[in-house]
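This is work-v4.cif (mmCIF, C-alpha atoms and all ligand atoms).
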data_work
#
loop_
_atom_site.label_atom_id
_atom_site.label_comp_id
_atom_site.auth_asym_id
_atom_site.auth_seq_id
_atom_site.Cartn_x
_atom_site.Cartn_y
_atom_site.Cartn_z
CA MET K 1 122.44 104.01 94.62
CA SER K 2 119.62 101.49 94.29
CA GLU K 3 117.31 101.68 91.27
CA LEU K 4 114.76 99.52 93.10
CA PHE K 5 114.43 102.18 95.77
CA SER K 6 114.33 105.13 93.40
CA PRO K 7 111.00 106.92 92.94
CA PHE K 8 108.87 106.59 89.82
CA LYS K 9 106.10 108.79 88.48
CA ILE K 10 103.10 108.32 86.21
CA LYS K 11 101.11 111.50 85.68
CA ASP K 12 100.49 112.85 89.22
CA ILE K 13 101.08 109.50 90.89
CA VAL K 14 104.44 109.16 92.64
CA PHE K 15 105.67 105.71 93.61
CA LYS K 16 108.23 106.01 96.41
CA ASN K 17 110.01 102.87 95.18
CA ARG K 18 109.62 100.26 92.43
CA ILE K 19 108.28 97.48 94.65
CA GLY K 20 104.68 96.38 94.28
CA MET K 21 102.44 93.72 95.73
CA SER K 22 100.80 91.76 92.93
CA PRO K 23 97.01 91.40 92.96
CA MET K 24 96.01 88.20 94.75
CA CYS K 25 92.48 86.87 95.32
CA GLN K 26 91.82 86.43 99.01
CA TYR K 27 88.38 84.77 98.92
CA SER K 28 87.50 86.78 101.99
CA SER K 29 84.81 89.18 100.74
CA VAL K 30 81.15 89.02 101.68
CA ASP K 31 78.88 89.74 98.70
CA GLY K 32 81.94 91.40 97.19
CA VAL K 33 82.49 93.71 100.18
CA ALA K 34 85.97 93.92 101.70
CA THR K 35 86.47 92.68 105.24
CA ASP K 36 89.02 93.20 108.05
CA TRP K 37 91.20 90.63 106.26
CA HIS K 38 91.75 93.03 103.36
CA MET K 39 92.77 95.84 105.67
CA VAL K 40 95.37 93.59 107.29
CA HIS K 41 96.51 91.87 104.07
CA LEU K 42 96.99 95.13 102.13
CA GLY K 43 97.74 97.45 105.06
CA SER K 44 100.55 95.31 106.43
CA ARG K 45 102.46 95.55 103.14
CA ALA K 46 102.14 99.35 103.27
CA VAL K 47 103.57 99.25 106.80
CA GLY K 48 106.38 97.10 105.37
CA GLY K 49 107.39 99.79 102.88
CA VAL K 50 105.91 98.53 99.59
CA GLY K 51 105.47 101.36 97.08
CA LEU K 52 102.43 100.01 95.18
CA ILE K 53 99.76 97.84 96.76
CA MET K 54 97.44 96.20 94.26
CA ALA K 55 94.08 94.96 95.47
CA GLU K 56 93.00 91.59 94.11
CA CYS K 57 90.89 91.15 90.99
CA THR K 58 87.67 92.89 91.84
CA ALA K 59 84.58 92.02 89.86
CA VAL K 60 82.56 94.54 87.89
CA SER K 61 79.36 92.57 88.55
CA ARG K 62 78.13 89.78 90.80
CA GLU K 63 78.46 87.27 87.90
CA GLY K 64 81.91 88.65 87.10
CA ARG K 65 83.36 87.19 90.27
CA ILE K 66 85.34 83.95 90.17
CA SER K 67 83.76 82.67 93.38
CA GLN K 68 81.33 83.77 96.06
CA GLY K 69 84.28 84.93 98.19
CA CYS K 70 85.73 87.25 95.54
CA ALA K 71 85.89 91.01 95.78
CA GLY K 72 83.43 93.22 93.90
CA LEU K 73 83.01 96.83 92.86
CA TRP K 74 79.55 97.23 91.35
CA ASP K 75 77.85 99.16 94.14
CA GLN K 76 78.53 102.11 96.44
CA LYS K 77 78.74 99.67 99.35
CA HIS K 78 81.89 98.19 97.81
CA ALA K 79 83.55 101.58 97.38
CA ALA K 80 82.60 102.46 100.96
CA GLY K 81 84.24 99.25 102.19
CA LEU K 82 87.44 99.92 100.23
CA LYS K 83 87.88 103.60 101.09
CA PRO K 84 89.25 103.09 104.64
CA ILE K 85 91.82 100.67 103.21
CA VAL K 86 92.88 103.19 100.55
CA ASP K 87 93.13 105.89 103.24
CA PHE K 88 95.35 103.59 105.32
CA LEU K 89 97.63 102.86 102.37
CA HIS K 90 97.95 106.58 101.68
CA LYS K 91 98.77 107.27 105.31
CA TYR K 92 101.81 105.02 104.91
CA ASP K 93 102.79 106.56 101.59
CA ALA K 94 101.84 103.66 99.35
CA VAL K 95 100.19 104.01 95.96
CA ALA K 96 96.80 102.28 96.07
CA GLY K 97 95.96 100.18 93.02
CA ILE K 98 92.97 98.01 92.18
CA GLN K 99 92.38 95.48 89.42
CA ILE K 100 88.88 95.38 87.93
CA SER K 101 87.81 92.20 86.27
CA HIS K 102 85.19 89.88 84.84
CA SER K 103 85.76 86.15 85.26
CA GLY K 104 83.91 85.07 82.07
CA ARG K 105 83.80 81.33 81.53
CA LYS K 106 86.08 80.73 84.54
CA GLY K 107 83.53 82.16 86.98
CA SER K 108 81.04 80.34 89.18
CA ALA K 109 83.70 78.34 90.98
CA ALA K 110 84.23 77.31 94.56
CA THR K 111 86.94 79.40 96.20
CA ALA K 112 90.47 78.11 95.65
CA LEU K 113 90.58 77.47 99.38
CA ASN K 114 87.68 75.04 98.81
CA GLY K 115 89.18 73.28 95.79
CA GLY K 116 88.24 75.79 93.08
CA ASN K 117 85.82 73.44 91.31
CA HIS K 118 83.28 74.89 88.94
CA LEU K 119 79.77 75.12 90.39
CA ASN K 120 76.66 74.37 88.38
CA ALA K 121 74.18 77.20 87.87
CA ASP K 122 71.67 75.33 90.03
CA ASP K 123 74.15 75.19 92.91
CA PRO K 124 73.07 77.91 95.38
CA ASP K 125 76.63 79.33 95.18
CA GLY K 126 76.90 79.08 91.38
CA TRP K 127 75.65 81.05 88.37
CA GLY K 128 75.55 80.83 84.56
CA THR K 129 78.82 81.94 82.96
CA VAL K 130 79.57 83.84 79.73
CA GLY K 131 82.34 83.83 77.13
CA PRO K 132 83.15 84.59 73.49
CA THR K 133 81.60 81.24 72.49
CA SER K 134 79.83 78.45 74.33
CA ASP K 135 83.02 76.37 74.66
CA ALA K 136 83.86 75.34 78.22
CA PHE K 137 87.35 75.98 79.65
CA ASP K 138 88.14 72.27 79.91
CA PRO K 139 85.36 70.11 78.45
CA ASP K 140 87.45 66.92 78.60
CA GLY K 141 88.96 67.49 82.02
CA THR K 142 88.30 65.46 85.11
CA ARG K 143 86.91 68.56 86.81
CA LEU K 144 83.57 70.01 85.74
CA TRP K 145 83.85 73.18 83.63
CA LYS K 146 80.41 73.98 82.39
CA ALA K 147 79.67 75.61 79.03
CA PRO K 148 79.29 79.40 79.09
CA ARG K 149 76.72 81.37 77.11
CA ALA K 150 78.20 83.22 74.10
CA LEU K 151 77.80 86.96 74.66
CA SER K 152 75.69 89.01 72.26
CA ILE K 153 77.05 92.38 71.13
CA GLN K 154 74.51 94.12 73.34
CA GLU K 155 75.74 92.11 76.34
CA ILE K 156 79.36 93.00 75.49
CA GLN K 157 78.37 96.67 75.62
CA GLU K 158 76.58 96.15 78.95
CA ILE K 159 79.70 94.58 80.45
CA GLN K 160 81.79 97.49 79.14
CA GLN K 161 79.46 99.82 81.05
CA GLN K 162 80.01 97.68 84.16
CA PHE K 163 83.76 98.30 83.82
CA VAL K 164 83.01 102.03 83.52
CA ASN K 165 80.83 101.90 86.62
CA SER K 166 83.59 100.13 88.58
CA ALA K 167 86.15 102.67 87.40
CA LYS K 168 83.98 105.50 88.75
CA LEU K 169 83.56 103.68 92.07
CA ALA K 170 87.33 103.07 92.25
CA CYS K 171 87.80 106.79 91.73
CA ASP K 172 85.34 107.55 94.56
CA ALA K 173 87.24 105.17 96.83
CA GLY K 174 90.43 107.16 96.15
CA TYR K 175 92.52 104.70 94.16
CA ASP K 176 95.58 106.08 92.35
CA LEU K 177 96.05 103.28 89.85
CA LEU K 178 93.32 101.35 88.07
CA GLU K 179 94.15 98.12 86.33
CA VAL K 180 91.94 96.36 83.77
CA HIS K 181 92.43 92.60 84.06
CA CYS K 182 92.99 91.07 80.63
CA ALA K 183 95.01 87.99 81.60
CA HIS K 184 94.75 84.43 82.91
CA GLY K 185 91.81 83.36 80.72
CA TYR K 186 89.23 85.64 82.28
CA LEU K 187 86.64 87.37 80.10
CA LEU K 188 88.72 90.06 78.34
CA HIS K 189 91.64 87.70 77.74
CA SER K 190 89.28 85.00 76.49
CA PHE K 191 88.19 87.42 73.75
CA LEU K 192 91.76 88.53 73.04
CA THR K 193 93.27 85.13 72.46
CA PRO K 194 92.64 83.01 69.35
CA LEU K 195 92.83 79.95 71.59
CA VAL K 196 89.36 80.77 72.91
CA ASN K 197 87.81 83.38 70.63
CA LYS K 198 86.34 81.59 67.61
CA ARG K 199 83.75 84.28 66.83
CA ASN K 200 83.26 85.56 63.31
CA ASP K 201 81.58 88.88 64.06
CA ALA K 202 83.20 92.26 64.82
CA TYR K 203 84.62 90.79 68.07
CA GLY K 204 86.53 87.87 66.55
CA GLY K 205 88.32 86.62 63.44
CA ASP K 206 91.61 88.52 63.53
CA LEU K 207 93.73 90.25 66.16
CA ALA K 208 92.09 93.64 65.65
CA ASN K 209 88.63 92.14 66.16
CA GLN K 210 89.77 89.99 69.09
CA ALA K 211 91.20 93.12 70.74
CA ARG K 212 88.02 95.16 70.15
CA PHE K 213 86.34 94.23 73.46
CA LEU K 214 89.48 95.16 75.41
CA LEU K 215 90.25 98.37 73.52
CA GLU K 216 86.68 99.69 73.61
CA THR K 217 86.53 98.90 77.33
CA VAL K 218 89.81 100.67 78.02
CA GLU K 219 88.75 103.72 76.00
CA LYS K 220 85.44 103.97 77.86
CA VAL K 221 87.19 103.52 81.20
CA ARG K 222 89.79 106.16 80.32
CA GLU K 223 86.99 108.67 79.71
CA VAL K 224 85.88 108.43 83.34
CA TRP K 225 89.19 107.58 85.03
CA PRO K 226 90.91 110.88 85.92
CA GLU K 227 93.57 111.91 83.44
CA ASN K 228 96.08 112.56 86.23
CA ARG K 229 95.81 109.03 87.68
CA ALA K 230 97.44 105.88 86.31
CA LEU K 231 95.74 103.32 84.09
CA SER K 232 97.21 99.84 83.71
CA VAL K 233 96.24 96.70 81.82
CA ARG K 234 97.37 93.25 82.92
CA LEU K 235 98.04 91.09 79.89
CA SER K 236 98.95 87.47 79.50
CA VAL K 237 101.86 88.56 77.33
CA HIS K 238 102.36 84.97 76.16
CA ASP K 239 99.76 82.21 76.06
CA PHE K 240 102.45 79.51 76.39
CA VAL K 241 100.65 77.46 73.69
CA GLU K 242 101.76 77.28 70.06
CA GLU K 243 98.67 78.82 68.41
CA GLY K 244 98.14 81.39 71.16
CA LEU K 245 99.24 84.98 71.70
CA ASN K 246 102.96 85.61 71.58
CA LEU K 247 105.25 88.59 72.14
CA GLU K 248 104.70 89.89 68.62
CA ASP K 249 100.91 89.97 69.15
CA SER K 250 101.36 91.53 72.57
CA THR K 251 103.54 94.26 71.08
CA GLN K 252 100.73 95.17 68.67
CA ILE K 253 98.16 95.02 71.48
CA GLY K 254 100.44 97.15 73.68
CA LEU K 255 100.75 99.79 70.95
CA TRP K 256 96.97 99.89 70.57
CA LEU K 257 96.59 100.18 74.34
CA LYS K 258 99.08 103.04 74.35
CA ASP K 259 96.90 104.86 71.81
CA SER K 260 93.88 104.16 74.01
CA GLY K 261 95.42 106.00 76.95
CA VAL K 262 97.01 103.19 78.96
CA ASP K 263 99.98 104.35 81.07
CA ILE K 264 101.61 101.06 82.04
CA LEU K 265 101.42 97.36 81.11
CA ASP K 266 101.40 94.65 83.77
CA CYS K 267 103.03 91.64 82.13
CA SER K 268 101.76 88.26 83.29
CA GLY K 269 101.17 85.10 81.25
CA GLY K 270 99.15 81.96 80.58
CA GLY K 271 95.78 80.81 81.83
CA ALA K 272 93.65 80.83 78.65
CA VAL K 273 93.27 77.07 78.22
CA PRO K 274 94.26 74.09 80.39
CA ALA K 275 97.48 73.50 78.39
CA ALA K 276 98.55 77.11 79.00
CA ARG K 277 100.18 77.21 82.38
CA GLY K 278 98.40 79.56 84.77
CA ALA K 279 99.50 82.65 86.65
CA ILE K 280 101.66 80.55 88.96
CA GLY K 281 102.49 77.76 86.53
CA ASN K 282 105.91 76.46 85.63
CA ARG K 283 106.63 79.20 83.04
CA THR K 284 105.98 82.11 85.40
CA ALA K 285 109.69 82.79 85.77
CA GLU K 286 109.96 83.58 82.02
CA GLN K 287 107.64 86.55 82.35
CA PRO K 288 110.00 89.26 83.66
CA ASP K 289 112.24 89.00 80.57
CA MET K 290 109.16 89.27 78.36
CA ALA K 291 108.14 92.39 80.26
CA GLY K 292 111.50 93.88 79.31
CA GLU K 293 110.98 93.03 75.65
CA LEU K 294 107.51 94.59 75.68
CA ARG K 295 108.90 97.69 77.35
CA SER K 296 111.32 98.23 74.48
CA SER K 297 108.93 97.24 71.69
CA THR K 298 106.02 99.44 72.85
CA GLY K 299 107.81 102.28 74.63
CA LEU K 300 105.37 101.89 77.52
CA PRO K 301 106.43 101.49 81.15
CA VAL K 302 105.92 97.94 82.43
CA MET K 303 105.41 96.00 85.60
CA ALA K 304 107.22 92.66 85.67
CA VAL K 305 105.86 89.72 87.64
CA GLY K 306 106.73 86.09 88.07
CA ALA K 307 108.94 84.28 90.56
CA ILE K 308 110.66 87.46 91.71
CA THR K 309 111.88 86.70 95.20
CA ASP K 310 115.43 87.93 95.56
CA PRO K 311 116.33 91.62 96.16
CA GLN K 312 119.26 91.58 93.73
CA GLN K 313 117.06 89.97 91.05
CA ALA K 314 114.51 92.78 91.55
CA GLU K 315 117.24 95.43 91.54
CA ASP K 316 118.71 94.02 88.30
CA LEU K 317 115.33 94.03 86.52
CA VAL K 318 114.89 97.74 87.20
CA ALA K 319 118.56 98.62 86.62
CA ALA K 320 118.56 96.79 83.27
CA SER K 321 115.40 98.70 82.21
CA LYS K 322 113.41 95.49 81.99
CA ALA K 323 110.85 96.76 84.51
CA ASP K 324 109.68 100.06 85.90
CA ILE K 325 107.98 98.30 88.80
CA VAL K 326 108.49 94.75 90.02
CA LEU K 327 105.47 92.94 91.43
CA LEU K 328 105.79 90.19 93.98
CA GLY K 329 102.96 87.80 94.74
CA ARG K 330 103.75 84.76 96.80
CA GLU K 331 106.97 86.21 98.25
CA MET K 332 104.92 89.08 99.70
CA MET K 333 102.72 86.49 101.39
CA ARG K 334 105.80 84.99 102.98
CA ASP K 335 107.29 88.30 104.06
CA PRO K 336 105.21 91.46 104.55
CA HIS K 337 108.47 93.29 105.29
CA TRP K 338 110.17 92.17 102.09
CA ALA K 339 110.90 95.78 101.09
CA HIS K 340 112.69 96.47 104.36
CA ASN K 341 114.70 93.29 104.13
CA ALA K 342 115.55 94.02 100.50
CA ALA K 343 116.84 97.46 101.48
CA LYS K 344 119.10 95.87 104.08
CA THR K 345 120.42 93.35 101.54
CA LEU K 346 121.07 96.06 98.96
CA GLY K 347 122.77 98.37 101.44
CA VAL K 348 120.06 101.03 101.22
CA ASP K 349 119.34 103.28 104.20
CA THR K 350 116.46 101.44 105.86
CA ARG K 351 115.41 104.13 108.36
CA HIS K 352 112.32 105.26 106.50
CA ILE K 353 111.25 102.02 104.86
CA LEU K 354 109.09 100.60 107.63
CA ALA K 355 106.25 102.67 109.10
CA GLU K 356 107.68 104.79 111.90
CA GLN K 357 105.98 102.77 114.64
CA TYR K 358 108.39 99.97 113.69
CA GLY K 359 111.10 101.88 111.86
CA PHE K 360 111.92 104.12 114.82
CA PHE K 361 113.07 101.06 116.76
CA VAL K 362 114.37 98.64 114.16
CA GLY K 363 115.00 100.75 111.04
C1 LIG M 401 96.63 83.24 95.87
C2 LIG M 401 96.85 83.95 94.58
C3 LIG M 401 95.84 84.74 94.05
C4 LIG M 401 96.04 85.43 92.85
N1 LIG M 401 95.07 86.28 92.39
C5 LIG M 401 95.30 87.04 91.31
C6 LIG M 401 94.41 88.09 90.95
O1 LIG M 401 93.44 88.38 91.65
N2 LIG M 401 94.69 88.77 89.81
C7 LIG M 401 95.79 88.52 89.05
O2 LIG M 401 95.99 89.16 88.02
N3 LIG M 401 96.69 87.58 89.43
C8 LIG M 401 96.48 86.87 90.54
N4 LIG M 401 97.44 85.99 90.96
C9 LIG M 401 98.73 85.96 90.26
C10 LIG M 401 99.73 86.91 90.96
O3 LIG M 401 99.31 88.25 90.88
C11 LIG M 401 101.12 86.79 90.33
O4 LIG M 401 101.04 87.21 89.00
C12 LIG M 401 101.64 85.36 90.40
O5 LIG M 401 101.48 84.84 91.70
C13 LIG M 401 103.11 85.29 89.98
O6 LIG M 401 103.89 86.07 90.85
P1 LIG M 401 104.77 85.36 92.04
O7 LIG M 401 105.63 84.34 91.36
O8 LIG M 401 105.51 86.52 92.63
O9 LIG M 401 103.79 84.73 93.00
C14 LIG M 401 97.25 85.28 92.14
C15 LIG M 401 98.26 84.45 92.68
C16 LIG M 401 98.08 83.82 93.87
C17 LIG M 401 99.20 83.00 94.44
#

Mind turning this structure into structure tokens?
Ligand SMILES: Cc1cc2nc3c(=O)[nH]c(=O)nc-3n(C[C@H](O)[C@H](O)[C@H](O)COP(=O)(O)O)c2cc1C
Amino acid sequence: MSELFSPFKIKDIVFKNRIGMSPMCQYSSVDGVATDWHMVHLGSRAVGGVGLIMAECTAVSREGRISQGCAGLWDQKHAAGLKPIVDFLHKYDAVAGIQISHSGRKGSAATALNGGNHLNADDPDGWGTVGPTSDAFDPDGTRLWKAPRALSIQEIQEIQQQFVNSAKLACDAGYDLLEVHCAHGYLLHSFLTPLVNKRNDAYGGDLANQARFLLETVEKVREVWPENRALSVRLSVHDFVEEGLNLEDSTQIGLWLKDSGVDILDCSGGGAVPAARGAIGNRTAEQPDMAGELRSSTGLPVMAVGAITDPQQAEDLVAASKADIVLLGREMMRDPHWAHNAAKTLGVDTRHILAEQYGFFVG
């Protein structure tokens, strides 16, 4: 009996197995609107039997994107573009998830496919960025990272309303799971971590104040996100820098998030400052164990992510209660039928893993 292929439930949302595709920017949107690429990228993993398909970080405003090619969800046109994809995922029995996000001081960049360099506000593809303070991500680096504008309290509240607006649009599009992105040095994480947040108003100074932007946002989102659907937050559970957030801080933050109505924590790491390795840096493989620790210290379900490639490794994480769902990023790029192949490796009946158009012949 495989734990990886056992169902899981949050509220009314049933995951047919514990395998998820991690959110991954595709730089293939046009003014934030999804294209055929997204249908194929996300839809093919549903065909391959993945239980949870997470759409990439999707900006709550035009300036909240990382690059011009990033996905957005600030207008009905975005929800209309995403709905056929959600319908397709549902047709193949996958839970449809989406991550809503604001890039903060890491926005206004060229797409990663074009080098990822920061673009000046006067570049036709760039814009002015915002953050907790006016400190740039990497002022001494060889690459340009321009200084953001420190957000006023009124602007913080406006951005919170943008998250609420995106949550409503995600609901209209039919998503089952909504994830608030608070990792990798983007806006919410940049407020959460002492490495970046040097404010001395109500939104900085100690952990409770640093967490205020996140917690208020989550509470406002929870008010409009249906009670019977799942709400997740992706955290950088560890900043991977001495003075940064650690597991103890993340436990406290997780407990606050639990009180704010969050159903599951998505446990990533790094990305706040150049010294903190990013989402796919060399400490990524440490993350799944941290997910397990957060699961026991907060009592919340967790998604583990980071260098999970092998079926037995994924099975062990779930069987050892370190993860309720395992997310795969790059390995899903390599193999859209990873779930089917994992079932074969683990000796699970594969007949109903692939969509029937394939499964009937090769299941
Ligand atoms: C091309 C690419 C784009 C990514 N985009 C996002 C994103 O939009 N949101 C996010 O939270 N993480 C993003 N990540 C991080 C992944 O979700 C995942 O956490 C990371 O790749 C580690 O998992 P892996 O070792 O299975 O690849 C991205 C990673 C890659 C490779």

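When only C-alpha atoms are used to compute distances to Leu178 of chain K, the closest of the residues K:Ser108, K:Ser101, K:Asn341, K:Gln210 turns out to be K:Ser101.
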
Spatial neighbours of Ala320 of chain K, 12 Å, all atoms listed in the file, chain gap at least 3 places, as an MDAnalysis selection string
chainID K and resid 3:4 288:289 291:293 295:296 312:317 323:324

With C-alpha atoms kept, could you save the residues just selected as an mmCIF file, in the coordinates of the input?
data_model
loop_
_atom_site.group_PDB
_atom_site.id
_atom_site.type_symbol
_atom_site.label_atom_id
_atom_site.label_comp_id
_atom_site.auth_asym_id
_atom_site.auth_seq_id
_atom_site.Cartn_x
_atom_site.Cartn_y
_atom_site.Cartn_z
ATOM 1 C CA GLU K 3 117.310 101.680 91.270
ATOM 2 C CA LEU K 4 114.760 99.520 93.100
ATOM 3 C CA PRO K 288 110.000 89.260 83.660
ATOM 4 C CA ASP K 289 112.240 89.000 80.570
ATOM 5 C CA ALA K 291 108.140 92.390 80.260
ATOM 6 C CA GLY K 292 111.500 93.880 79.310
ATOM 7 C CA GLU K 293 110.980 93.030 75.650
ATOM 8 C CA ARG K 295 108.900 97.690 77.350
ATOM 9 C CA SER K 296 111.320 98.230 74.480
ATOM 10 C CA GLN K 312 119.260 91.580 93.730
ATOM 11 C CA GLN K 313 117.060 89.970 91.050
ATOM 12 C CA ALA K 314 114.510 92.780 91.550
ATOM 13 C CA GLU K 315 117.240 95.430 91.540
ATOM 14 C CA ASP K 316 118.710 94.020 88.300
ATOM 15 C CA LEU K 317 115.330 94.030 86.520
ATOM 16 C CA ALA K 323 110.850 96.760 84.510
ATOM 17 C CA ASP K 324 109.680 100.060 85.900
#

What residues have any atom no more than 6 Å from ligand LIG 401 (chain M) when counting all atoms listed in the file, and can you list them as a list in words?
Ser22, Pro23, Met24, Cys25, Glu56, Cys57, Ser268, Ala279, Ile280, Val305, Gly306, Ala307, Ile308, Leu328, Gly329, Arg330 and Glu331 of chain K

Which residue of K:Asp172, K:Pro194, K:Phe213, K:Asp138 approaches Ile153 of chain K most closely, using only C-alpha atoms:
K:Phe213

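Note that atom CA of Ser236 of chain K and atom CA of Asp125 of chain K are 28.5 Å apart.
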
How big is the axis-aligned box around all listed atoms of segment 77-85 of chain K once 4 Å goes on each side, and where's its centre, in Å to one decimal, as AutoDock Vina command-line options?
--center_x 85.3 --center_y 100.9 --center_z 101.0 --size_x 21.1 --size_y 13.4 --size_z 15.3

List as a ChimeraX atom specification the protein and nucleic acid residues near Val237 of chain K, meaning an atom at most 9 Å away when all atoms listed in the file are counted, but skip any in the same chain fewer than 2 places from it.
/K:183,234-235,239,245-247,249-251,266-270,287,290-291,294

Using the selection just defined, write its residues with C-alpha atoms as a PDB file, keeping the file's coordinate frame.
ATOM      1  CA  ALA K 183      95.010  87.990  81.600  1.00  0.00           C
ATOM      2  CA  ARG K 234      97.370  93.250  82.920  1.00  0.00           C
ATOM      3  CA  LEU K 235      98.040  91.090  79.890  1.00  0.00           C
ATOM      4  CA  ASP K 239      99.760  82.210  76.060  1.00  0.00           C
ATOM      5  CA  LEU K 245      99.240  84.980  71.700  1.00  0.00           C
ATOM      6  CA  ASN K 246     102.960  85.610  71.580  1.00  0.00           C
ATOM      7  CA  LEU K 247     105.250  88.590  72.140  1.00  0.00           C
ATOM      8  CA  ASP K 249     100.910  89.970  69.150  1.00  0.00           C
ATOM      9  CA  SER K 250     101.360  91.530  72.570  1.00  0.00           C
ATOM     10  CA  THR K 251     103.540  94.260  71.080  1.00  0.00           C
ATOM     11  CA  ASP K 266     101.400  94.650  83.770  1.00  0.00           C
ATOM     12  CA  CYS K 267     103.030  91.640  82.130  1.00  0.00           C
ATOM     13  CA  SER K 268     101.760  88.260  83.290  1.00  0.00           C
ATOM     14  CA  GLY K 269     101.170  85.100  81.250  1.00  0.00           C
ATOM     15  CA  GLY K 270      99.150  81.960  80.580  1.00  0.00           C
ATOM     16  CA  GLN K 287     107.640  86.550  82.350  1.00  0.00           C
ATOM     17  CA  MET K 290     109.160  89.270  78.360  1.00  0.00           C
ATOM     18  CA  ALA K 291     108.140  92.390  80.260  1.00  0.00           C
ATOM     19  CA  LEU K 294     107.510  94.590  75.680  1.00  0.00           C
TER      20      LEU K 294
END

How many Å lie between atom CA of Ala211 of chain K and atom CA of Lys198 of chain K, rounded to one decimal?
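Result for atom CA of Ala211 of chain K versus atom CA of Lys198 of chain K: 12.9 Å, one decimal.
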
Using atom CA of Gln99 of chain K and atom CA of Ala339 of chain K as the two end points, give the distance in Å to one decimal.
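We find that atom CA of Gln99 of chain K and atom CA of Ala339 of chain K lie 21.9 Å from each other.
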
Segment 74-84 of chain K: which residues within 7 Å, counting all atoms listed in the file, same-chain residues fewer than 6 positions away excluded, as a PyMOL selection string?
chain K and resi 32-34+60-61+165-166+169-170+172-174

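You can rank K:Gly43, K:Gly51, K:Gly204, K:Gly244 by their closest distance to Val326 of chain K using only C-alpha atoms, and at the top of that list sits K:Gly51.
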
Residues within 10 Å of Gly126 of chain K, please, as a VMD selection string. Count only C-alpha atoms; anything in the same chain fewer than 3 positions from it doesn't count.
chain K and resid 63 66 to 68 107 to 110 118 to 123 129

Can you list, as a list in words, every protein, DNA or RNA residue that comes within 7 Å of Pro7 of chain K when you count all atoms listed in the file, leaving out same-chain residues fewer than 4 positions away?
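Within the cut-off, the hits are Val14, Phe15, Lys16, Asn17 and Arg18 of chain K.
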
In the coordinates of the file, take the point (117.2, 104.0, 98.3) and a cut-off of 7 Å; then, counting all atoms listed in the file, name each qualifying protein, DNA or RNA residue as a count of residues only.
6

With distances taken over all atoms listed in the file, which of K:Leu144, K:Val224, K:Val130, K:Leu42 is nearest to Gly115 of chain K?
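Ranking K:Leu144, K:Val224, K:Val130, K:Leu42 by distance to Gly115 of chain K, first place goes to K:Leu144.
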
Rank K:Ala230, K:Leu215, K:Ala55, K:Ala285 by their smallest atom-to-atom distance to Gln252 of chain K, using all atoms listed in the file, and report the top residue only.
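Once distances to Gln252 of chain K are computed over all atoms listed in the file, the minimum belongs to K:Leu215.
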